[in-house]
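Undergrad: Following this line is coords.pdb, made up of PDB, C-alpha atoms and all ligand atoms:
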```pdb
ATOM      1  CA  MET A   1      88.615 -19.795 131.275
ATOM      2  CA  THR A   2      87.358 -16.948 129.104
ATOM      3  CA  VAL A   3      89.243 -15.623 126.084
ATOM      4  CA  PHE A   4      88.160 -12.203 124.822
ATOM      5  CA  GLY A   5      88.723 -11.520 121.126
ATOM      6  CA  GLN A   6      89.593  -7.964 120.151
ATOM      7  CA  GLY A   7      87.481  -6.320 117.461
ATOM      8  CA  CYS A   8      83.722  -6.251 117.022
ATOM      9  CA  PRO A   9      81.702  -5.008 114.024
ATOM     10  CA  HIS A  10      78.315  -5.094 115.775
ATOM     11  CA  HIS A  11      78.568  -1.945 117.935
ATOM     12  CA  CYS A  12      75.510  -2.819 120.045
ATOM     13  CA  HIS A  13      74.020   0.071 121.990
ATOM     14  CA  GLY A  14      74.707  -0.631 125.673
ATOM     15  CA  CYS A  15      77.493  -3.152 124.940
ATOM     16  CA  HIS A  16      79.099  -4.547 128.115
ATOM     17  CA  ASN A  17      82.581  -4.307 126.639
ATOM     18  CA  PRO A  18      83.011  -1.474 124.098
ATOM     19  CA  ALA A  19      86.766  -1.441 124.690
ATOM     20  CA  THR A  20      86.889  -4.555 122.515
ATOM     21  CA  TRP A  21      85.361  -2.910 119.423
ATOM     22  CA  ASN A  22      88.578  -1.546 117.934
ATOM     23  CA  SER A  23      90.487  -4.350 116.275
ATOM     24  CA  GLU A  24      93.703  -2.355 116.833
ATOM     25  CA  GLY A  25      93.222  -2.410 120.614
ATOM     26  CA  GLY A  26      93.878  -5.079 123.220
ATOM     27  CA  TYR A  27      97.163  -6.916 123.250
ATOM     28  CA  THR A  28      98.776  -9.612 121.179
ATOM     29  CA  THR A  29      99.217 -13.135 122.437
ATOM     30  CA  THR A  30      99.453 -16.598 120.877
ATOM     31  CA  THR A  31      97.291 -19.682 121.003
ATOM     32  CA  GLU A  32     100.257 -21.475 122.578
ATOM     33  CA  GLU A  33     100.404 -18.995 125.471
ATOM     34  CA  ILE A  34      96.662 -19.234 126.072
ATOM     35  CA  LEU A  35      96.743 -23.024 125.970
ATOM     36  CA  GLU A  36      99.678 -23.074 128.350
ATOM     37  CA  GLN A  37      97.625 -21.121 130.904
ATOM     38  CA  TYR A  38      94.719 -23.487 130.343
ATOM     39  CA  LYS A  39      96.818 -26.613 130.809
ATOM     40  CA  ASN A  40      98.424 -25.242 133.951
ATOM     41  CA  ASN A  41      95.097 -24.891 135.737
ATOM     42  CA  PRO A  42      93.695 -28.338 136.575
ATOM     43  CA  LEU A  43      90.391 -26.816 137.661
ATOM     44  CA  LEU A  44      89.531 -25.784 134.104
ATOM     45  CA  ASP A  45      87.303 -28.045 132.021
ATOM     46  CA  GLY A  46      86.521 -25.775 129.100
ATOM     47  CA  MET A  47      86.923 -22.420 127.475
ATOM     48  CA  THR A  48      84.517 -19.586 126.719
ATOM     49  CA  PHE A  49      85.088 -17.330 123.728
ATOM     50  CA  SER A  50      83.785 -13.813 124.092
ATOM     51  CA  GLY A  51      84.684 -10.358 122.936
ATOM     52  CA  GLY A  52      84.529  -8.546 120.892
ATOM     53  CA  GLU A  53      83.476 -10.898 118.161
ATOM     54  CA  PRO A  54      85.254 -14.275 118.173
ATOM     55  CA  PHE A  55      84.274 -14.855 114.544
ATOM     56  CA  MET A  56      86.518 -11.945 113.539
ATOM     57  CA  GLN A  57      89.467 -14.207 114.371
ATOM     58  CA  PRO A  58      88.042 -17.595 113.444
ATOM     59  CA  MET A  59      91.288 -19.447 112.805
ATOM     60  CA  MET A  60      92.801 -18.466 116.145
ATOM     61  CA  PHE A  61      89.682 -19.515 118.038
ATOM     62  CA  PHE A  62      89.384 -22.674 115.950
ATOM     63  CA  GLU A  63      92.924 -23.672 116.948
ATOM     64  CA  LEU A  64      92.073 -23.103 120.613
ATOM     65  CA  ALA A  65      88.791 -25.016 120.373
ATOM     66  CA  LYS A  66      90.397 -27.958 118.621
ATOM     67  CA  GLU A  67      93.044 -28.267 121.309
ATOM     68  CA  VAL A  68      90.615 -27.827 124.207
ATOM     69  CA  HIS A  69      88.432 -30.564 122.701
ATOM     70  CA  ARG A  70      91.434 -32.827 122.356
ATOM     71  CA  MET A  71      91.975 -32.379 126.092
ATOM     72  CA  GLY A  72      88.322 -33.178 126.822
ATOM     73  CA  GLY A  73      87.037 -29.649 127.523
ATOM     74  CA  ASP A  74      83.910 -27.917 126.276
ATOM     75  CA  ILE A  75      83.681 -24.720 124.228
ATOM     76  CA  TRP A  76      81.125 -21.976 124.782
ATOM     77  CA  CYS A  77      81.114 -19.100 122.326
ATOM     78  CA  TYR A  78      79.393 -15.708 122.453
ATOM     79  CA  THR A  79      78.777 -14.053 119.112
ATOM     80  CA  GLY A  80      76.885 -11.043 117.819
ATOM     81  CA  TYR A  81      75.906 -13.040 114.732
ATOM     82  CA  THR A  82      72.858 -15.264 114.760
ATOM     83  CA  LEU A  83      73.239 -18.987 114.295
ATOM     84  CA  GLU A  84      71.398 -18.683 110.968
ATOM     85  CA  GLU A  85      73.888 -16.066 109.761
ATOM     86  CA  LEU A  86      76.835 -18.225 110.738
ATOM     87  CA  LEU A  87      75.353 -21.308 109.089
ATOM     88  CA  GLY A  88      74.896 -19.264 105.913
ATOM     89  CA  TYR A  89      78.557 -18.308 105.695
ATOM     90  CA  THR A  90      80.616 -20.309 103.289
ATOM     91  CA  TYR A  91      83.903 -18.835 104.531
ATOM     92  CA  GLY A  92      85.827 -21.913 105.606
ATOM     93  CA  PRO A  93      87.314 -20.698 108.896
ATOM     94  CA  HIS A  94      83.868 -19.604 110.156
ATOM     95  CA  ARG A  95      82.543 -23.084 109.494
ATOM     96  CA  MET A  96      85.591 -24.699 111.086
ATOM     97  CA  LEU A  97      85.155 -22.679 114.268
ATOM     98  CA  LEU A  98      81.408 -23.248 114.415
ATOM     99  CA  GLU A  99      81.950 -26.996 114.131
ATOM    100  CA  HIS A 100      84.125 -26.845 117.239
ATOM    101  CA  VAL A 101      81.683 -24.915 119.418
ATOM    102  CA  ASP A 102      79.546 -26.910 121.854
ATOM    103  CA  VAL A 103      77.307 -24.101 123.087
ATOM    104  CA  LEU A 104      76.666 -20.917 121.123
ATOM    105  CA  VAL A 105      75.116 -17.773 122.631
ATOM    106  CA  ASP A 106      74.004 -15.815 119.585
ATOM    107  CA  GLY A 107      72.765 -12.419 118.505
ATOM    108  CA  GLU A 108      73.562  -8.782 119.137
ATOM    109  CA  TYR A 109      72.801  -7.274 122.525
ATOM    110  CA  LYS A 110      69.615  -5.192 122.309
ATOM    111  CA  GLU A 111      69.275  -2.667 125.085
ATOM    112  CA  GLU A 112      65.484  -2.436 124.671
ATOM    113  CA  LEU A 113      65.243  -6.194 125.309
ATOM    114  CA  ARG A 114      67.545  -6.189 128.325
ATOM    115  CA  ASN A 115      66.487  -8.787 130.904
ATOM    116  CA  LEU A 116      68.501  -9.362 134.069
ATOM    117  CA  THR A 117      66.725 -12.628 134.850
ATOM    118  CA  LEU A 118      68.158 -14.402 131.800
ATOM    119  CA  GLN A 119      70.975 -16.873 132.275
ATOM    120  CA  PHE A 120      74.200 -16.265 130.353
ATOM    121  CA  ARG A 121      72.844 -13.472 128.119
ATOM    122  CA  GLY A 122      71.802  -9.882 128.402
ATOM    123  CA  SER A 123      68.788  -9.453 126.137
ATOM    124  CA  SER A 124      65.870 -11.695 125.295
ATOM    125  CA  ASN A 125      66.597 -11.872 121.542
ATOM    126  CA  GLN A 126      69.824 -13.730 122.293
ATOM    127  CA  ARG A 127      69.561 -17.490 122.237
ATOM    128  CA  ILE A 128      71.588 -20.398 123.581
ATOM    129  CA  TRP A 129      72.228 -23.281 121.210
ATOM    130  CA  GLU A 130      73.764 -26.668 121.825
ATOM    131  CA  ARG A 131      75.476 -28.587 119.053
ATOM    132  CA  HIS A 132      74.553 -32.258 118.599
ATOM    133  CA  GLY A 133      76.740 -33.483 115.773
ATOM    134  CA  ASP A 134      75.581 -31.487 112.747
ATOM    135  CA  MET A 135      72.440 -30.251 114.467
ATOM    136  CA  TRP A 136      71.906 -27.211 116.661
ATOM    137  CA  LEU A 137      69.198 -27.473 119.311
ATOM    138  CA  PRO A 138      68.010 -25.005 121.946
ATOM    139  CA  TRP A 139      70.228 -25.385 124.989
ATOM    140  CA  ASN A 140      69.011 -27.901 127.535
ATOM    141  CA  ARG A 141      69.509 -26.046 130.788
ATOM    142  CA  ASP A 142      68.849 -29.230 132.795
ATOM    143  CA  LYS A 143      71.870 -30.915 131.280
ATOM    144  CA  GLU A 144      73.998 -32.479 133.946
ATOM    145  CA  GLY A 145      76.983 -30.385 134.952
ATOM    146  CA  VAL A 146      75.693 -27.107 133.577
ATOM    147  CA  ALA A 147      74.427 -24.555 136.081
TER
HETATM  148  S1  LIG B 201      78.389  -8.244 119.884
HETATM  149 FE1  LIG B 201      78.951  -8.206 122.064
HETATM  150  S2  LIG B 201      80.969  -7.206 122.138
HETATM  151 FE2  LIG B 201      80.081  -6.757 120.120
HETATM  152  S3  LIG B 201      79.077  -4.773 120.394
HETATM  153 FE3  LIG B 201      77.531  -6.376 120.734
HETATM  154  S4  LIG B 201      77.543  -6.726 122.964
HETATM  155 FE4  LIG B 201      79.438  -5.625 122.426
END
```
Output the file's structure as C-alpha cells, nothing else.
TA:
Amino acid sequence: MTVFGQGCPHHCHGCHNPATWNSEGGYTTTTEEILEQYKNNPLLDGMTFSGGEPFMQPMMFFELAKEVHRMGGDIWCYTGYTLEELLGYTYGPHRMLLEHVDVLVDGEYKEELRNLTLQFRGSSNQRIWERHGDMWLPWNRDKEGVA
C-alpha cells in the first residue's frame, strides 16, 4: 500500500508527480482511516511512503510506520532528502520517522541522470538504503522476499 504525502519543497525538474508539490493540495485524511484500509486488506505486508515529501509530515508518517511495524509490516520511504541530510537533522519528528523506516530511497530526481533500468528509482544519484538497527547499509537486492 502506498501513501502519498502532499507537499514537496524539492521541485525536481521532470518530477513524476508535480501535483503533490503544493502543500495546500490533495485531500485530508487521518492515520486511522489509512490504517483501517491497511488492516482490511490481508494481502498487504507493508507500506510505502511517497509524495510529495513524506518528511514534510513526519509525525503523521511516524504514526503510520509505528503501527505497521506493530502489525509486522515493512516500511519503504521515498524522500528527496539524502540520508546524510536526514541523519544531520536534529528535529525530533524527522528522527522518529527515520528510525521507523526499513528501506529508504533517497535524493532528488535528476532528469539528466534518468535511467530506466534502475529498480525502484528514476535517476542514478538516488540510492536505496536498508536500516540495520542504528546502521544504514546499501540495500541488498538479493534479500529474500524483495523483488
Ligand atoms: S522529491 Fe519527488 S515528489 Fe518532490 S519534486 Fe522531487 S521527484 Fe517530485
Undergrad: Which residues come within 10 Å of Gly26 in chain A, counting all atoms listed in the file, excluding same-chain residues fewer than 4 positions away, as a count of residues only?
TA: 8
Undergrad: So, with only C-alpha atoms as the atoms that count, which of A:Glu32, A:Asp134, A:Glu112, A:Asp106 lies closest to Tyr81 in chain A?
TA: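 With only C-alpha atoms as the atom set, the closest residue is A:Asp106.
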Undergrad: Using the chain letters and residue numbers of this document, give as a list in words the residues selected by the PyMOL selection byres (((chain A and resi 121-127) around 10) and not hetatm).
TA: Cys15, His16, Tyr78, Thr79, Gly80, Tyr81, Thr82, Leu83, Leu104, Val105, Asp106, Gly107, Glu108, Tyr109, Lys110, Glu111, Glu112, Leu113, Arg114, Asn115, Leu116, Thr117, Leu118, Gln119, Phe120, Ile128, Trp129, Pro138 and Trp139 of chain A
Undergrad: CA of Leu86 in chain A and CA of Ile34 in chain A are how many Å apart?
TA: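 These atoms are spaced 25.1 Å apart.
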Undergrad: Which residues are near Thr2 in chain A? Cut-off 10 Å, all atoms listed in the file, ignore same chain within fewer than 2 positions. Put them as a ChimeraX atom specification.
TA: /A:4-5,38,46-51,75-77
Undergrad: Distance CA of Cys12 in chain A-atom FE1 of ligand LIG 201 (chain B), one decimal place?
TA: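 These two atoms are separated by 6.7 Å.
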Undergrad: If the PyMOL selection byres (((chain A and resi 97) around 9) and not hetatm) is run on the structure shown, which residues does it catch, given as a list in words?
TA: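 For this structure, the PyMOL selection byres (((chain A and resi 97) around 9) and not hetatm) resolves to Phe55, Pro58, Met59, Met60, Phe61, Phe62, Glu63, Ala65, Lys66, Gly92, Pro93, His94, Arg95, Met96, Leu98, Glu99, His100 and Val101 of chain A.
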Undergrad: Give the answer as one residue: which of A:Glu53, A:Glu85, A:Glu67, A:Glu130 has the shortest atom-to-atom distance to ligand LIG 201 (chain B), using all atoms listed in the file?
TA: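 For ligand LIG 201 (chain B), the nearest of the candidates is A:Glu53.
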Undergrad: When distances are computed from all atoms listed in the file, which of A:Asn41, A:Met56, A:His132, A:Tyr27 shows the smallest separation from ligand LIG 201 (chain B)?
TA: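 Of A:Asn41, A:Met56, A:His132, A:Tyr27, the one nearest ligand LIG 201 (chain B), counting all atoms listed in the file, is A:Met56.
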Undergrad: Restricting the calculation to only C-alpha atoms: of A:Pro42, A:Pro18, A:Gly88, A:Val68, which residue gets closest to Asp102 in chain A?
TA: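 The closest residue to Asp102 in chain A is A:Val68.
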Undergrad: Identify which of the residues A:Pro54, A:Glu33, A:Leu64, A:Gly25 lies closest to ligand LIG 201 (chain B), counting all atoms listed in the file when measuring atom-to-atom distances.
TA: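 Of A:Pro54, A:Glu33, A:Leu64, A:Gly25, the one nearest ligand LIG 201 (chain B), counting all atoms listed in the file, is A:Pro54.
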Undergrad: Pick out the closest residue to ligand LIG 201 (chain B) from this set: A:Lys39, A:Gly52, A:Thr28, A:His69. Count all atoms listed in the file.
TA: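 Of A:Lys39, A:Gly52, A:Thr28, A:His69, the one nearest ligand LIG 201 (chain B) is A:Gly52, counting all atoms listed in the file.
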Undergrad: Between CA of Pro9 in chain A and CA of Glu24 in chain A, measure the distance and give it in Å to one decimal.
TA: 12.6 Å
Undergrad: Please produce range 6-26 of chain A, completed to N, CA and C atoms, as a CSV table (one decimal), keeping the file's coordinate frame.
TA:
```
chain,number,residue,atom,x,y,z
A,6,GLN,N,89.6,-9.4,120.4
A,6,GLN,CA,89.6,-8.0,120.2
A,6,GLN,C,89.0,-7.7,118.8
A,7,GLY,N,88.1,-6.7,118.7
A,7,GLY,CA,87.5,-6.3,117.5
A,7,GLY,C,86.0,-6.8,117.4
A,8,CYS,N,85.1,-5.9,117.1
A,8,CYS,CA,83.7,-6.3,117.0
A,8,CYS,C,83.0,-5.3,116.0
A,9,PRO,N,82.4,-5.9,115.0
A,9,PRO,CA,81.7,-5.0,114.0
A,9,PRO,C,80.3,-4.7,114.4
A,10,HIS,N,79.7,-5.2,115.5
A,10,HIS,CA,78.3,-5.1,115.8
A,10,HIS,C,77.9,-3.8,116.4
A,11,HIS,N,78.8,-3.3,117.3
A,11,HIS,CA,78.6,-1.9,117.9
A,11,HIS,C,77.2,-1.8,118.6
A,12,CYS,N,76.8,-2.8,119.4
A,12,CYS,CA,75.5,-2.8,120.0
A,12,CYS,C,75.4,-1.7,121.0
A,13,HIS,N,74.3,-1.0,121.0
A,13,HIS,CA,74.0,0.1,122.0
A,13,HIS,C,73.9,-0.6,123.4
A,14,GLY,N,74.7,-0.1,124.3
A,14,GLY,CA,74.7,-0.6,125.7
A,14,GLY,C,75.7,-1.8,125.8
A,15,CYS,N,76.5,-2.0,124.9
A,15,CYS,CA,77.5,-3.2,124.9
A,15,CYS,C,78.2,-3.2,126.3
A,16,HIS,N,78.4,-4.4,126.8
A,16,HIS,CA,79.1,-4.5,128.1
A,16,HIS,C,80.6,-4.3,128.0
A,17,ASN,N,81.1,-4.3,126.8
A,17,ASN,CA,82.6,-4.3,126.6
A,17,ASN,C,83.0,-3.5,125.4
A,18,PRO,N,82.7,-2.2,125.3
A,18,PRO,CA,83.0,-1.5,124.1
A,18,PRO,C,84.5,-1.3,123.9
A,19,ALA,N,85.3,-1.5,124.9
A,19,ALA,CA,86.8,-1.4,124.7
A,19,ALA,C,87.3,-2.5,123.7
A,20,THR,N,86.5,-3.5,123.4
A,20,THR,CA,86.9,-4.6,122.5
A,20,THR,C,86.5,-4.3,121.1
A,21,TRP,N,85.8,-3.2,120.8
A,21,TRP,CA,85.4,-2.9,119.4
A,21,TRP,C,86.5,-2.7,118.4
A,22,ASN,N,87.5,-1.9,118.8
A,22,ASN,CA,88.6,-1.5,117.9
A,22,ASN,C,89.5,-2.7,117.7
A,23,SER,N,89.6,-3.2,116.5
A,23,SER,CA,90.5,-4.4,116.3
A,23,SER,C,92.0,-4.0,116.5
A,24,GLU,N,92.3,-2.7,116.6
A,24,GLU,CA,93.7,-2.4,116.8
A,24,GLU,C,94.0,-2.3,118.3
A,25,GLY,N,93.0,-2.5,119.2
A,25,GLY,CA,93.2,-2.4,120.6
A,25,GLY,C,93.7,-3.7,121.2
A,26,GLY,N,93.5,-3.8,122.5
A,26,GLY,CA,93.9,-5.1,123.2
A,26,GLY,C,95.4,-5.3,123.2
```
